[in-house]
Structure formats: structure tokens, C-alpha cells
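The next block holds one structure in the form of C-alpha cells; read it before the comments.
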Amino acid sequence: MYTVEELSKVLKVLGDPTRLTMLKQMEAGEQCACSFVDCFDISQPAISRHLKMLRQAGLLLERRDKQWIHYRLNETSPFYPLVTDLLANVEMTEPNCDCEPNCAI
């Protein structure tokens with residue numbers, strides 16, 4: 001069970017279409033931050049802010065590799081079952097984006 005405050009915070013983070021799309025893309029595995037810059041029609045700082053919010057909510061883990069940062073779903077989060085159930089009901093209308101060719105994935 002979650003407290004009202006905990007669940008409210010996570011649902012607020014999940015309520016953004018960009019963040020929800022990012023999570024859906026990470027459902028298939030780790031993604032480099034650079035792949036999101038190419039996917040969305042928003043600036044790199046805005047992408048970083050979305051990823052930071054997801055990370056602060058405990059929904060993502062990050063791995064640094066030189067100048068690149070790779071993100072994945074946090075399977076140890078108490079909200080992981082909730083997130084995976086939610087993502088199972090999300091239909092992607094846009095194609096998946098790939099990381100830049102010179103990214104170190």
C-alpha cells in the first residue's frame with residue numbers, strides 16, 4: 001500500500017505525456033538521454049528536467065558512460081508494479097527513437 005502523499009507525487013510525475021512516453025520507451029530496455037533529444041520537439045535541458053523528475057520520484061536508475069547517461073526503469077521501486085501495469089495499457093502512436101550512432105550504448 002502507498003500513502004496518499006506518495007501516490008499523489010508519483011501520479012503527478014506520470015501525468016505528463018512526455019514522461020509517460022519516455023517510460024514506455026524504457027520498458028524495452030535502457031535508453032540513452034541522447035535518444036530522447038532526437039525523439040521530442042523540445043530542448044535538451046527540458047529532456048534533462050523530465051528525466052530528473054522521473055529519477056527523483058524513484059522510477060528511474062541512471063548509468064553514466066563518459067559523456068552519456070543511460071536510463072532504465074527502477075525495478076526495485078515500490079511503484080514498479082504500478083508503473084508496469086500502467087505502461088501495459090499505453091499505446092504508442094509514434095515510432096520508437098534510436099540513439100545517435102556515436103552514442104556509447
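Starting from 1 in every chain, residues are counted up; chains themselves are A, B, ... following the order of the C-alpha cells, and ligands are numbered from 1 as listed.
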
task: List every residue of region 25-98 of chain A that DSSP, applied to the backbone, labels as strand (DSSP E), and write the result as a PyMOL selection string.
output: chain A and resi 31-32+60-65+68-73

- request: Write out as a PyMOL selection string each polymer residue whose atoms come within 9 Å of region 20-24 of chain A, counting only C-alpha atoms; drop sequence neighbours fewer than 2 positions from it.
  value: chain A and resi 13-18+26-28+31+36+50-51+54+59-60+72-73+83-84+87-88+90-92

Output file for the residues above (N, CA and C atoms, as a PDB file, in the first residue's frame):
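Final file, again_1.pdb:
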ATOM      1  N   VAL A  13       3.948  12.916 -11.483  1.00  0.00           N
ATOM      2  CA  VAL A  13       5.084  12.726 -12.399  1.00  0.00           C
ATOM      3  C   VAL A  13       4.636  11.931 -13.627  1.00  0.00           C
ATOM      4  N   LEU A  14       3.814  10.921 -13.427  1.00  0.00           N
ATOM      5  CA  LEU A  14       3.346  10.077 -14.524  1.00  0.00           C
ATOM      6  C   LEU A  14       2.303  10.772 -15.400  1.00  0.00           C
ATOM      7  N   GLY A  15       1.735  11.865 -14.924  1.00  0.00           N
ATOM      8  CA  GLY A  15       0.671  12.546 -15.641  1.00  0.00           C
ATOM      9  C   GLY A  15       1.112  13.359 -16.845  1.00  0.00           C
ATOM     10  N   ASP A  16       2.407  13.453 -17.088  1.00  0.00           N
ATOM     11  CA  ASP A  16       2.909  14.230 -18.224  1.00  0.00           C
ATOM     12  C   ASP A  16       3.105  13.319 -19.435  1.00  0.00           C
ATOM     13  N   PRO A  17       2.574  13.688 -20.609  1.00  0.00           N
ATOM     14  CA  PRO A  17       2.703  12.828 -21.790  1.00  0.00           C
ATOM     15  C   PRO A  17       4.149  12.545 -22.200  1.00  0.00           C
ATOM     16  N   THR A  18       5.022  13.522 -22.072  1.00  0.00           N
ATOM     17  CA  THR A  18       6.426  13.311 -22.439  1.00  0.00           C
ATOM     18  C   THR A  18       7.073  12.291 -21.515  1.00  0.00           C
ATOM     19  N   MET A  26      11.424   3.104 -22.336  1.00  0.00           N
ATOM     20  CA  MET A  26      12.374   2.400 -21.475  1.00  0.00           C
ATOM     21  C   MET A  26      11.862   1.035 -21.045  1.00  0.00           C
ATOM     22  N   GLU A  27      10.601   0.776 -21.297  1.00  0.00           N
ATOM     23  CA  GLU A  27      10.034  -0.532 -20.989  1.00  0.00           C
ATOM     24  C   GLU A  27      10.793  -1.629 -21.743  1.00  0.00           C
ATOM     25  N   ALA A  28      11.278  -1.311 -22.940  1.00  0.00           N
ATOM     26  CA  ALA A  28      12.026  -2.275 -23.755  1.00  0.00           C
ATOM     27  C   ALA A  28      13.478  -2.403 -23.312  1.00  0.00           C
ATOM     28  N   GLN A  31      17.815   3.262 -22.131  1.00  0.00           N
ATOM     29  CA  GLN A  31      17.845   4.283 -23.179  1.00  0.00           C
ATOM     30  C   GLN A  31      18.851   5.363 -22.810  1.00  0.00           C
ATOM     31  N   PHE A  36      16.285  10.606 -26.449  1.00  0.00           N
ATOM     32  CA  PHE A  36      15.102  11.406 -26.178  1.00  0.00           C
ATOM     33  C   PHE A  36      15.196  12.789 -26.807  1.00  0.00           C
ATOM     34  N   HIS A  50      12.798  16.497 -17.387  1.00  0.00           N
ATOM     35  CA  HIS A  50      11.842  15.382 -17.312  1.00  0.00           C
ATOM     36  C   HIS A  50      12.499  14.146 -16.705  1.00  0.00           C
ATOM     37  N   LEU A  51      13.710  13.819 -17.157  1.00  0.00           N
ATOM     38  CA  LEU A  51      14.415  12.649 -16.640  1.00  0.00           C
ATOM     39  C   LEU A  51      14.737  12.814 -15.152  1.00  0.00           C
ATOM     40  N   LEU A  54      11.625  12.065 -13.097  1.00  0.00           N
ATOM     41  CA  LEU A  54      11.388  10.617 -13.041  1.00  0.00           C
ATOM     42  C   LEU A  54      12.374   9.940 -12.084  1.00  0.00           C
ATOM     43  N   LEU A  59      11.576   6.349 -10.034  1.00  0.00           N
ATOM     44  CA  LEU A  59      11.112   5.479 -11.101  1.00  0.00           C
ATOM     45  C   LEU A  59      12.216   5.067 -12.065  1.00  0.00           C
ATOM     46  N   LEU A  60      13.337   5.794 -12.060  1.00  0.00           N
ATOM     47  CA  LEU A  60      14.446   5.512 -12.970  1.00  0.00           C
ATOM     48  C   LEU A  60      15.749   5.335 -12.226  1.00  0.00           C
ATOM     49  N   ARG A  72      17.128   3.573 -17.100  1.00  0.00           N
ATOM     50  CA  ARG A  72      16.304   2.367 -17.164  1.00  0.00           C
ATOM     51  C   ARG A  72      15.283   2.433 -16.032  1.00  0.00           C
ATOM     52  N   LEU A  73      14.236   1.653 -16.194  1.00  0.00           N
ATOM     53  CA  LEU A  73      13.218   1.588 -15.147  1.00  0.00           C
ATOM     54  C   LEU A  73      13.837   1.012 -13.874  1.00  0.00           C
ATOM     55  N   VAL A  83       3.769   1.093 -12.216  1.00  0.00           N
ATOM     56  CA  VAL A  83       4.244   1.668 -13.477  1.00  0.00           C
ATOM     57  C   VAL A  83       4.140   0.654 -14.609  1.00  0.00           C
ATOM     58  N   THR A  84       4.543  -0.580 -14.379  1.00  0.00           N
ATOM     59  CA  THR A  84       4.485  -1.581 -15.452  1.00  0.00           C
ATOM     60  C   THR A  84       3.039  -1.897 -15.838  1.00  0.00           C
ATOM     61  N   LEU A  87       1.990   1.084 -17.952  1.00  0.00           N
ATOM     62  CA  LEU A  87       2.623   1.073 -19.273  1.00  0.00           C
ATOM     63  C   LEU A  87       2.050  -0.010 -20.181  1.00  0.00           C
ATOM     64  N   ALA A  88       1.582  -1.091 -19.602  1.00  0.00           N
ATOM     65  CA  ALA A  88       0.972  -2.162 -20.398  1.00  0.00           C
ATOM     66  C   ALA A  88      -0.297  -1.679 -21.091  1.00  0.00           C
ATOM     67  N   VAL A  90      -0.620   1.539 -22.228  1.00  0.00           N
ATOM     68  CA  VAL A  90      -0.284   2.716 -23.028  1.00  0.00           C
ATOM     69  C   VAL A  90       0.018   2.270 -24.451  1.00  0.00           C
ATOM     70  N   GLU A  91      -0.673   2.866 -25.393  1.00  0.00           N
ATOM     71  CA  GLU A  91      -0.431   2.569 -26.808  1.00  0.00           C
ATOM     72  C   GLU A  91       0.449   3.666 -27.384  1.00  0.00           C
ATOM     73  N   MET A  92       1.552   3.255 -27.984  1.00  0.00           N
ATOM     74  CA  MET A  92       2.467   4.224 -28.601  1.00  0.00           C
ATOM     75  C   MET A  92       1.947   4.570 -29.982  1.00  0.00           C
TER      76      MET A  92
END

- request: Please provide the set of residues having any atom within 12 Å of Met1 (chain A), restricted to only C-alpha atoms, with same-chain residues fewer than 3 positions apart removed, written as a ChimeraX atom specification.
  value: /A:4-7,78-79,81-82

message: I'd like to know which of A:Tyr2, A:Asp38, A:His70, A:Lys9 is closest to Gly58 (chain A), using only C-alpha atoms.
response: A:Lys9

task: Identify, on the basis of only C-alpha atoms, every residue whose closest approach to Ala33 (chain A) does not exceed 12 Å; exclude the query and any residue fewer than 2 positions from it along the same chain; express the result as number ranges by chain.
output: A: 22, 25-26, 30-31, 35-40, 43-52, 62-65, 67-72, 97-100, 103-105

I need the residues from that last selection saved to file as a compact mmCIF listing (two decimals), in the first residue's frame (with N, CA, C and O atoms), if you can.
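Writing the result to selection_6.txt gives the following:
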# COMPACT_ATOMS: atom_id res chain seq x y z
N MET A 22 8.50 8.56 -22.40
CA MET A 22 9.87 8.16 -22.07
C MET A 22 9.87 6.82 -21.34
O MET A 22 10.66 5.92 -21.65
N GLN A 25 9.14 3.94 -23.64
CA GLN A 25 10.29 3.56 -24.45
C GLN A 25 11.33 2.79 -23.62
O GLN A 25 12.00 1.91 -24.14
N MET A 26 11.42 3.10 -22.34
CA MET A 26 12.37 2.40 -21.48
C MET A 26 11.86 1.04 -21.05
O MET A 26 12.61 0.23 -20.51
N GLU A 30 17.17 -0.19 -21.47
CA GLU A 30 17.91 1.04 -21.19
C GLU A 30 17.93 1.97 -22.40
O GLU A 30 18.06 1.52 -23.53
N GLN A 31 17.82 3.26 -22.13
CA GLN A 31 17.84 4.28 -23.18
C GLN A 31 18.85 5.36 -22.81
O GLN A 31 18.93 5.77 -21.66
N SER A 35 18.85 9.77 -27.02
CA SER A 35 17.75 9.27 -27.86
C SER A 35 16.49 10.10 -27.65
O SER A 35 15.71 10.29 -28.58
N PHE A 36 16.29 10.61 -26.45
CA PHE A 36 15.10 11.41 -26.18
C PHE A 36 15.20 12.79 -26.81
O PHE A 36 14.18 13.35 -27.22
N VAL A 37 16.40 13.32 -26.89
CA VAL A 37 16.58 14.63 -27.54
C VAL A 37 16.15 14.53 -28.99
O VAL A 37 15.52 15.44 -29.52
N ASP A 38 16.45 13.41 -29.65
CA ASP A 38 16.08 13.23 -31.04
C ASP A 38 14.58 12.93 -31.21
O ASP A 38 14.02 13.16 -32.27
N CYS A 39 13.93 12.42 -30.18
CA CYS A 39 12.53 11.99 -30.27
C CYS A 39 11.53 13.13 -30.12
O CYS A 39 10.50 13.13 -30.79
N PHE A 40 11.81 14.02 -29.22
CA PHE A 40 10.82 15.02 -28.84
C PHE A 40 11.21 16.38 -29.39
O PHE A 40 12.37 16.70 -29.51
N SER A 43 13.80 21.04 -26.07
CA SER A 43 15.24 21.24 -25.88
C SER A 43 15.86 20.16 -25.00
O SER A 43 15.17 19.49 -24.22
N GLN A 44 17.17 20.04 -25.09
CA GLN A 44 17.91 19.09 -24.25
C GLN A 44 17.73 19.41 -22.77
O GLN A 44 17.54 18.48 -21.97
N PRO A 45 17.77 20.70 -22.35
CA PRO A 45 17.53 20.97 -20.93
C PRO A 45 16.14 20.53 -20.46
O PRO A 45 15.98 20.06 -19.34
N ALA A 46 15.14 20.64 -21.34
CA ALA A 46 13.80 20.18 -20.97
C ALA A 46 13.76 18.66 -20.82
O ALA A 46 13.12 18.14 -19.89
N ILE A 47 14.45 17.95 -21.71
CA ILE A 47 14.56 16.49 -21.59
C ILE A 47 15.21 16.13 -20.27
O ILE A 47 14.73 15.25 -19.53
N SER A 48 16.30 16.80 -19.94
CA SER A 48 17.01 16.54 -18.68
C SER A 48 16.10 16.78 -17.48
O SER A 48 16.16 16.04 -16.50
N ARG A 49 15.29 17.82 -17.54
CA ARG A 49 14.38 18.12 -16.44
C ARG A 49 13.34 17.00 -16.27
O ARG A 49 13.06 16.57 -15.15
N HIS A 50 12.80 16.50 -17.39
CA HIS A 50 11.84 15.38 -17.31
C HIS A 50 12.50 14.15 -16.70
O HIS A 50 11.92 13.48 -15.84
N LEU A 51 13.71 13.82 -17.16
CA LEU A 51 14.41 12.65 -16.64
C LEU A 51 14.74 12.81 -15.15
O LEU A 51 14.64 11.86 -14.38
N LYS A 52 15.09 14.03 -14.76
CA LYS A 52 15.39 14.29 -13.35
C LYS A 52 14.15 14.06 -12.48
O LYS A 52 14.24 13.47 -11.41
N GLU A 62 20.04 5.52 -13.26
CA GLU A 62 20.90 6.02 -14.32
C GLU A 62 22.27 5.37 -14.25
O GLU A 62 22.71 4.95 -13.19
N ARG A 63 22.90 5.30 -15.42
CA ARG A 63 24.26 4.78 -15.53
C ARG A 63 25.03 5.74 -16.44
O ARG A 63 24.59 6.05 -17.54
N ARG A 64 26.15 6.22 -15.95
CA ARG A 64 26.97 7.15 -16.73
C ARG A 64 28.03 6.38 -17.50
O ARG A 64 28.64 5.46 -16.98
N ASP A 65 28.23 6.79 -18.75
CA ASP A 65 29.26 6.22 -19.60
C ASP A 65 29.90 7.37 -20.37
O ASP A 65 29.35 7.81 -21.38
N GLN A 67 30.41 10.82 -21.52
CA GLN A 67 29.51 11.97 -21.50
C GLN A 67 28.04 11.58 -21.62
O GLN A 67 27.17 12.43 -21.54
N TRP A 68 27.74 10.31 -21.81
CA TRP A 68 26.36 9.87 -21.98
C TRP A 68 25.79 9.33 -20.68
O TRP A 68 26.50 8.74 -19.87
N ILE A 69 24.50 9.53 -20.52
CA ILE A 69 23.80 8.98 -19.36
C ILE A 69 22.70 8.07 -19.89
O ILE A 69 21.92 8.45 -20.76
N HIS A 70 22.67 6.86 -19.38
CA HIS A 70 21.69 5.85 -19.79
C HIS A 70 20.71 5.65 -18.65
O HIS A 70 21.10 5.55 -17.48
N TYR A 71 19.44 5.57 -18.99
CA TYR A 71 18.37 5.43 -18.00
C TYR A 71 17.63 4.12 -18.21
O TYR A 71 17.48 3.65 -19.33
N ARG A 72 17.13 3.57 -17.10
CA ARG A 72 16.30 2.37 -17.16
C ARG A 72 15.28 2.43 -16.03
O ARG A 72 15.46 3.17 -15.05
N CYS A 97 12.36 5.83 -30.93
CA CYS A 97 13.51 6.59 -31.41
C CYS A 97 14.78 5.85 -31.05
O CYS A 97 14.84 5.18 -30.02
N ASP A 98 15.75 5.96 -31.88
CA ASP A 98 17.02 5.30 -31.62
C ASP A 98 18.05 6.32 -31.17
O ASP A 98 17.96 7.50 -31.49
N CYS A 99 19.02 5.82 -30.47
CA CYS A 99 20.11 6.65 -30.01
C CYS A 99 20.98 7.07 -31.18
O CYS A 99 21.02 6.41 -32.22
N GLU A 100 21.71 8.17 -31.01
CA GLU A 100 22.63 8.62 -32.05
C GLU A 100 23.66 7.53 -32.33
O GLU A 100 24.05 6.80 -31.44
N CYS A 103 26.67 7.25 -30.00
CA CYS A 103 26.39 7.07 -28.58
C CYS A 103 27.00 5.75 -28.14
O CYS A 103 27.05 4.80 -28.90
N ALA A 104 27.41 5.69 -26.90
CA ALA A 104 28.16 4.52 -26.42
C ALA A 104 27.29 3.44 -25.81
O ALA A 104 27.69 2.79 -24.86
N ILE A 105 26.10 3.22 -26.30
CA ILE A 105 25.27 2.12 -25.74
C ILE A 105 25.90 0.80 -26.06
O ILE A 105 26.36 0.55 -27.11

- request: Assign secondary structure with DSSP using the backbone only, and return the residues of chain A in alpha helix (DSSP H) as an MDAnalysis selection string.
  value: chainID A and resid 4:14 17:26 33:39 44:56 80:88

message: I'd like the interatomic distance between CA of Cys32 (chain A) and CA of Tyr80 (chain A), to a tenth of an Å.
response: 20.1 Å

- prompt: So which one's closest to Arg55 (chain A), A:Ser8, A:Arg19, A:Gly29, A:Thr3? Using only C-alpha atoms, please.
  reply: A:Arg19

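Ranking A:Ile42, A:Met53, A:Cys34, A:Leu61 by their shortest atom-to-atom distance to Leu11 (chain A), with only C-alpha atoms included, puts A:Met53 first.
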